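Everything on this sheet refers to the single structure shown next.
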Amino acid sequence: MNKMIAFFSSILIFALAAFPAFAAPKDDAMALVAKAVAHVKDAGKDKALTDFNDPKGAFVKGELYVFAYTLQGVIVAHPMNPKLVGKDMTEVKDSDGKLFTKDFIATVNGPGKGWVDYNWTNPTTKKIEAKSSYVAKAGDIFVGCGIYK
């Protein structure tokens with residue numbers, strides 16, 4: 001019995017130690033999105049998009065950055081890959097065939113904000129990895145921030 005308690009205790013300790021490592025990036029992504037939504041409301045969409053597109057601006061925090069789309073699925077801000085701005089992403093699929101931009105749109109048009117999971121190439125490792133993006137509606141656009149799991 002004592003061995004079983006020790007075993008489950010060690011699993012619990014491991015899980016509690018591992019959870020903050022994932023929770024912190026999720027919290028940071030959500031905070032960055034909340035800041036971006038507030039910026040759209042306070043500064044206006046045009047100024048906000050200029051700021052979101054700045055790779056050295058306030059909406060880039062380490063590996064985290066804010067991106068923005070129209071509600072029709074066209075990228076209007078991407079500080080890390082400006083070549084994507086103006087691209088309609090609605091038919092772009094992840095490595096499993098998921099139309100993740102359509103899920104972004106459904107999320108912001110439904111509950112208004114939330115997480116969308118998909119697979120994408122991590123620019124650091126150059127490998128396809130599980131990614132989760134937090135998206136939120138901001139007027140007639142939506143903003144998001146993704147983390148690799």
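Naming works like this for the structure tokens: A, B, ... for the chains as they're shown, residue 1 at the start of each chain, ligands 1 onward in shown order.
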| said: Could you go through range 25-135 of chain A and tell me which residues DSSP, when run on the backbone, assigns to strand (DSSP E), listing them as a PyMOL selection string? | reply: chain A and resi 60-61+64-65+67-70+75-77+113-121+128-135
| task | Show which residues sit within 12 Å of Val66 in chain A, as a PyMOL selection string. Count only C-alpha atoms, and ignore same-chain residues fewer than 5 positions away. | result | chain A and resi 28-37+39+48-61+75-81+133-136+142-147
| Two-atom distance - CA of Lys126 in chain A, CA of Gly97 in chain A (Å) |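 Taking CA of Lys126 in chain A as the start and CA of Gly97 in chain A as the end point, the length is 18.8 Å.
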| task | Find the residues around Thr90 in chain A up to 8 Å (only C-alpha atoms counted), leave out those fewer than 4 positions away in its own chain, and share them as a PyMOL selection string. | result | chain A and resi 72-74+99-102
| query | With only C-alpha atoms as the atoms that count, which of A:Gly44, A:Asp96, A:Ala24, A:Gly62 lies nearest to Lys149 in chain A? | reply |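 Using only C-alpha atoms, the shortest distance to Lys149 in chain A belongs to A:Ala24.
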| Neighbour list for Trp120 in chain A as a list in words, cut-off 10 Å, only C-alpha atoms, skip fewer than 5 positions in-chain | Lys93, Asp94, Ser95, Asp96, Lys126, Lys127, Ile128, Glu129, Ala130, Lys131, Ser132 and Tyr148 of chain A
| request: Have a look at CA of Phe104 in chain A and CA of Gly86 in chain A and let me know their distance in Å, one decimal. | output: 16.8 Å
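Here CA of Val40 in chain A is placed at a distance of 9.3 Å from CA of Ile141 in chain A.
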| request: Would you please give, as a count of residues only, all residues of chain A that DSSP assigns to helix (DSSP H, G or I) based on the backbone? | output: 63
